[in-house]
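Peer 1: So that we are looking at the same thing, I have put the structure below in structure tokens.
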Amino acid sequence: MKLTTLLAAVAAVAPLVAAGTFHEVPRGKISFVPNAYIVEYEQSTSRTVAHNNFRTHRIQYNVRKEFDVFHGAALTIKSGHEGDALANIPGVKNVWRVTVNKIPQLTAAVKGKKGQDVLAASLHQMTGMDVVRKRYKLTGKGIKIGIIDSGIDYKHPAFAAKGASEGCFARYGKNCRVKYGWDFVGDKYDGYNTPTPDADPMDCRGHGTHVAGIIGADALDIKGKYKPPQPFVGVAPEVTIGAYRIFGCKGDSGTDVVMAAMEMAFNDGMDVINISLGGGSSYKYNPQAVLAEKLIAHGMSVVAAGGNDGGDGPWMVMDIGLSDKTSSVASFDNTYGLYFSFSYGGKMAYPYMPAETYGYKPLSLPSSATLVPIFEKDGSLSDGCDPSRYKGVEKKVVLVLGDYSRCTAEERGNVSISAGAVAMVFQTTPIGMEFLIGVPEFPMASIENWAGDELIKTYKKNSKTKIDWNKKESNFRVEAGGAPSDFSSFGLDGELRSKPDLSAPGGNILSTVPRSMGGYMLQSGTSMSAPYVAGAHAIYMQAKKKTMRGDFVRQAFKNTATISSNLLSRTKASVAKQGAGLINVLSAIEATSSISPDHIDLLDSKHLRRKVQITIKNSGKHTETYRLSHIPADALNAYPTGNSFPIGDPLIEKDYASVSFSHSKIKIRPGQSTKVTLSFTEPKKGKSNQFPIYSGFVVATPLSKKSIAVHVPYTGVKGDIAKVPIMDKDLGFPGLVLVDNEGNLKEIPSKDYVFDLTNEFPAVMDRLGSHTPDLTFRIYKANSAQTKNTKLSEGDFIGYMLSENMGPGFGWAGRHKNKDMNGNLVYDVWIWGGKVLPKRDPTLKPAQLSSGTYRVVVASQRKLSKGIYPRDFEVYDLGTTTLGSLSK
């Protein structure tokens, strides 16, 4: 049987009735390495005993990695055994496939060359770090941070020790700031082939060097070839850095490699680990998160990016940061930036962002190229999707509305070219400057929303007004600066836990890149906000004169974060977007109070935790009186029309919970703590059948002067979470299709079509808009009739589908993104060759069904339900499928 390039493999965690549990890979987002598994042993089982048990059960394998803290190994299985068989070996606790991690897709990347950078210079003012540096002279000295990424250009002068002209790796000289490291993979590694490790973690991708610069660059006094476009300094410029390279020059990285790097960072004595890797919607049951939890228990801090899927709506926070004690970090846009600009009508300069395909270079146009906005019949600015709107645009610069709901920027650029325009400018909506792909070599740029309004006013006064294009950058206050980044992922997670934890500057961040790439670059993503928090850990530990567990530092940062609003909003942004708020390093250091726990998960209406107890501690030197108060935050509605797939930009609604306190004021003596009971009442306005995510903050404010208030965020869902749609039935999912030998998807020719299973196969397409604890693909006898309320007799059920490309047809799953980076709809295809698993029992071999007709049922368990089938499942009867000759 020939199966070629198909869609990526997917996730399932199987609650097996065996010694251990086999966890399939996360559906809809991650590919796995064939025949490669990560095995966690029971704590009482030694490595030697585990390997003896493998050999006793005739498991043939090669060891890829051995893990100590994790207590397990990564294996390549040579004997054909699957993960469920490994889970049945005595002494095995958990089994996962080796999956691949990606370097996240960043929102913008501007090459730093000859000063032509979009620059962000004010991020430390946003977080209090500027005052911390002046007041306390803290630099992170004595703290070690391990960066698990694409390596570091350790010879970059921004990583040089004081008095040195360039940075160095420990093997190459004394007083090196990049003092530890290892290349686990080699240049040619792509995530699937065999790594070729060596001792040199030099970066050939740029991502790791950018991350390292945010943590610890010192580019204040660099002169010569690698002088930055503007002097800047990282959060902790004297921190000791470990460079753990897990990516080759192209491709991805396996989870076994990531985990090996995490353990080496631990063995090298790193105090903090930063992991800015790509992932997606998931549960916390992944091996990297399990290892992170163990490392934190051993005294480390683990900081992870929250994800860049903000355009996909809720339930999208990234997987590695989902462990209970890890810090999952969201992003805020930087407040200021250095941009190219133009003047119009003698007024102020208007900043703009050139399109990627134009090379991010300044637009260079003749003065005769005047501006021409194109309008709709009602007089509003047109989005430019209708070619008939392009009248009188020859040799002019077209201004259109940056609304991309009807067509892309590239499509509009091509229409402009056909109409004879010489350039195109997009007025961003609602605010900011959009990142554009553009049309190659055609001048295109985005401008801020307010700028578009001003341009139209000037144009209407004099349509012949000239444009003056400035060739040098200037500093501008960014319209969307200081607010949560649009690209930053929304929570909650699959168990309605509050993630992300907090935010940091991640939009429009200037940092280092390898010298071969120009030395400096502006990038945006939670890949940038996570290292800011990692660096802040070093500053906090230095201030407290001790290292400490990551969850303790996280509590300090969450308690004192700046509770923020979306731009132009008077209400506070949802906790599902900003976590506890924007990190305030100064307040965290100076606070003498704390609240635990650092978040409150109210769950849904059915499981509502109406009464919650918090503990307020006074670590100061004087008795303190606290006033308790409540700050509500925006509610997010992603299901306003009864849609089955969440909308990408949730509606913001004023649906606020109310909170009462057992004590509105409390007095606490120095070094003492007091418990307070909170009583929550759900929002009255929100519609329970639209499942709004509501949230807010409980604040304890000391009444003495200059004392710092502390707070704890809470989140909840109004309605029964078990009724949140899981499958995207609006687009016809799930459904049966035909897949040929080349992986092409086709409609099944007829209802009674016979699949010969040599040239073509039946397949199930699924698309999830929400997490599910158990997504199942069930095979029944042909004359069975499956309904939501009818439980079929035991004799009707044949088994769970065993997909040729996706594995066992059961287990948990995160939600799908709406579209991939190329604009294609995201879904999964489960190719079926007629094999079934009779039970969730790894001791049973898969059965190959004989020729005949079978009924296919897809059922997904509803969140927080008991998992009783079919009562607790969303059930879809896909009808019958007829199999012909057996697969070969």
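By convention in this document, the chains of the structure tokens carry letters A, B, ... by their order, each chain's residues are numbered from 1, and ligands are numbered from 1 in the order they are shown.
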Can you tell me, as an MDAnalysis selection string, what residues are no more than 7 Å from stretch 401-408 of chain A when counting only C-alpha atoms, ignoring any on the same chain fewer than 6 positions away?
Peer 2: chainID A and resid 381:383 385 426:429
Peer 1: Grab the residues selected above and save them as a PDB file, in the first residue's frame with N, CA and C atoms.
Peer 2:
ATOM      1  N   LEU A 381     -14.358  54.864   2.989  1.00  0.00           N
ATOM      2  CA  LEU A 381     -13.162  54.376   2.319  1.00  0.00           C
ATOM      3  C   LEU A 381     -13.348  52.915   1.926  1.00  0.00           C
ATOM      4  N   SER A 382     -13.050  52.605   0.679  1.00  0.00           N
ATOM      5  CA  SER A 382     -13.250  51.246   0.157  1.00  0.00           C
ATOM      6  C   SER A 382     -12.132  50.319   0.606  1.00  0.00           C
ATOM      7  N   ASP A 383     -12.468  49.032   0.755  1.00  0.00           N
ATOM      8  CA  ASP A 383     -11.429  48.050   1.043  1.00  0.00           C
ATOM      9  C   ASP A 383     -10.632  47.674  -0.200  1.00  0.00           C
ATOM     10  N   CYS A 385     -11.474  45.791  -2.756  1.00  0.00           N
ATOM     11  CA  CYS A 385     -11.675  44.451  -3.314  1.00  0.00           C
ATOM     12  C   CYS A 385     -12.436  44.474  -4.646  1.00  0.00           C
ATOM     13  N   PHE A 426      -2.441  51.044   2.923  1.00  0.00           N
ATOM     14  CA  PHE A 426      -3.578  50.464   3.626  1.00  0.00           C
ATOM     15  C   PHE A 426      -3.776  51.170   4.965  1.00  0.00           C
ATOM     16  N   GLN A 427      -4.975  51.678   5.195  1.00  0.00           N
ATOM     17  CA  GLN A 427      -5.322  52.235   6.496  1.00  0.00           C
ATOM     18  C   GLN A 427      -5.718  51.076   7.413  1.00  0.00           C
ATOM     19  N   THR A 428      -4.894  50.805   8.424  1.00  0.00           N
ATOM     20  CA  THR A 428      -5.139  49.670   9.301  1.00  0.00           C
ATOM     21  C   THR A 428      -6.424  49.872  10.091  1.00  0.00           C
ATOM     22  N   THR A 429      -7.177  48.787  10.237  1.00  0.00           N
ATOM     23  CA  THR A 429      -8.367  48.823  11.069  1.00  0.00           C
ATOM     24  C   THR A 429      -8.312  47.657  12.056  1.00  0.00           C
TER      25      THR A 429
END
Peer 1: Near stretch 357-363 of chain A, counting only C-alpha atoms, which residues have an atom at most 7 Å away, once you skip same-chain residues fewer than 3 positions from it, shown as a short mmCIF file (atom, residue, chain, number, x, y, z; two decimals) with N, CA and C atoms, in the first residue's frame?
Peer 2:
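Below you can see around_35.cif, which holds the result:
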data_model
loop_
_atom_site.label_atom_id
_atom_site.label_comp_id
_atom_site.auth_asym_id
_atom_site.auth_seq_id
_atom_site.Cartn_x
_atom_site.Cartn_y
_atom_site.Cartn_z
N VAL A 110 12.37 42.50 10.27
CA VAL A 110 12.98 43.54 9.47
C VAL A 110 14.49 43.45 9.61
N PHE A 340 10.03 54.48 8.94
CA PHE A 340 10.02 55.36 7.78
C PHE A 340 8.69 56.12 7.79
N PRO A 354 6.58 49.19 5.42
CA PRO A 354 6.61 48.64 4.06
C PRO A 354 6.29 47.15 4.06
N ILE A 437 2.24 41.07 3.40
CA ILE A 437 3.08 40.28 2.51
C ILE A 437 3.36 41.08 1.24
N GLY A 438 2.31 41.49 0.56
CA GLY A 438 2.44 42.36 -0.60
C GLY A 438 2.68 41.64 -1.90
N VAL A 439 2.84 42.44 -2.96
CA VAL A 439 3.15 41.95 -4.31
C VAL A 439 4.62 42.28 -4.59
N PRO A 440 5.42 41.33 -5.02
CA PRO A 440 6.85 41.57 -5.23
C PRO A 440 7.13 42.83 -6.05
N GLU A 441 8.01 43.65 -5.49
CA GLU A 441 8.53 44.87 -6.14
C GLU A 441 7.50 45.99 -6.27
N PHE A 442 6.26 45.76 -5.87
CA PHE A 442 5.26 46.82 -5.95
C PHE A 442 5.21 47.53 -4.60
N PRO A 443 5.41 48.87 -4.59
CA PRO A 443 5.43 49.59 -3.31
C PRO A 443 4.08 49.50 -2.59
N LYS A 471 13.48 59.69 3.69
CA LYS A 471 14.38 58.58 3.44
C LYS A 471 14.98 58.01 4.73
#
Peer 1: For A:Ile631, list every protein, DNA or RNA residue within 10 Å, evaluated using only C-alpha atoms, and leave out those in the same chain fewer than 5 positions away; present the list as JSON, numbers by chain.
Peer 2: {"A": [563, 571, 572, 656, 657, 658, 659, 695, 696, 697, 698, 699, 711, 713]}
Peer 1: Given the choices A:Ile708, A:Ala451, A:Leu291, A:Ile145, which gets closest to A:Gly72 if the distance is worked out from only C-alpha atoms?
Peer 2: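 Residue with the minimum atom-to-atom distance to A:Gly72: A:Leu291.
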Peer 1: Interatomic distance between atom CA of A:Lys835 and atom CA of A:Leu849?
Peer 2: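 Going from atom CA of A:Lys835 over to atom CA of A:Leu849, I get 6.0 Å.
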Peer 1: Calculated over only C-alpha atoms, which of the candidates A:Thr715, A:Ser276, A:Ser463, A:Thr194 has the smallest distance to A:Val211?
Peer 2: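 When distances to A:Val211 are compared using only C-alpha atoms, the smallest one comes from A:Ser276.
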Peer 1: Can you work out which one of A:Asp386, A:Asp774, A:Glu473, A:Asp877 has the shortest atom-to-atom distance to A:His23, counting only C-alpha atoms?
Peer 2: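 Answer, going by the shortest atom-to-atom distance: A:Asp774.
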Peer 1: Could you give me, as a Markdown table, a per-residue list for stretch 460-572 of chain A showing, wherever an atom lies at most 6 Å from an atom of stretch 307-326 of chain A, the closest pair of atoms and their distance in Å to one decimal, using only C-alpha atoms and sorting by chain then residue number from low to high?
Peer 2:
| residue | atom | partner | partner_atom | distance |
| --- | --- | --- | --- | --- |
| A:Asp486 | CA | A:Gly310 | CA | 5.8 |
| A:Phe487 | CA | A:Gly310 | CA | 4.2 |
| A:Ser488 | CA | A:Gly310 | CA | 4.6 |
| A:Ser489 | CA | A:Gly310 | CA | 4.0 |
| A:Phe490 | CA | A:Pro314 | CA | 4.8 |
| A:Gly491 | CA | A:Trp315 | CA | 4.8 |
| A:Leu492 | CA | A:Trp315 | CA | 5.0 |
| A:Asp493 | CA | A:Trp315 | CA | 5.6 |
| A:Thr526 | CA | A:Gly307 | CA | 5.8 |
| A:Asp551 | CA | A:Lys325 | CA | 5.1 |
Peer 1: Could you name the residues that touch A:Gly879 at 8 Å or less, counting only C-alpha atoms, but leaving out those on the same chain fewer than 3 positions away, as a short mmCIF file (atom, residue, chain, number, x, y, z; two decimals) with C-alpha atoms, in the first residue's frame?
Peer 2:
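Output below, filename selection_23.cif:
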data_model
loop_
_atom_site.label_atom_id
_atom_site.label_comp_id
_atom_site.auth_asym_id
_atom_site.auth_seq_id
_atom_site.Cartn_x
_atom_site.Cartn_y
_atom_site.Cartn_z
CA ARG A 855 -20.90 2.05 9.73
CA VAL A 856 -18.54 4.88 10.76
CA VAL A 857 -19.33 7.03 13.80
#
Peer 1: I'd like the contact shell of A:His156 - 8 Å cut-off, only C-alpha atoms, skipping same-chain residues fewer than 3 positions apart - returned as a VMD selection string.
Peer 2: chain A and resid 153 159 to 160 166 to 168 514 to 515 519
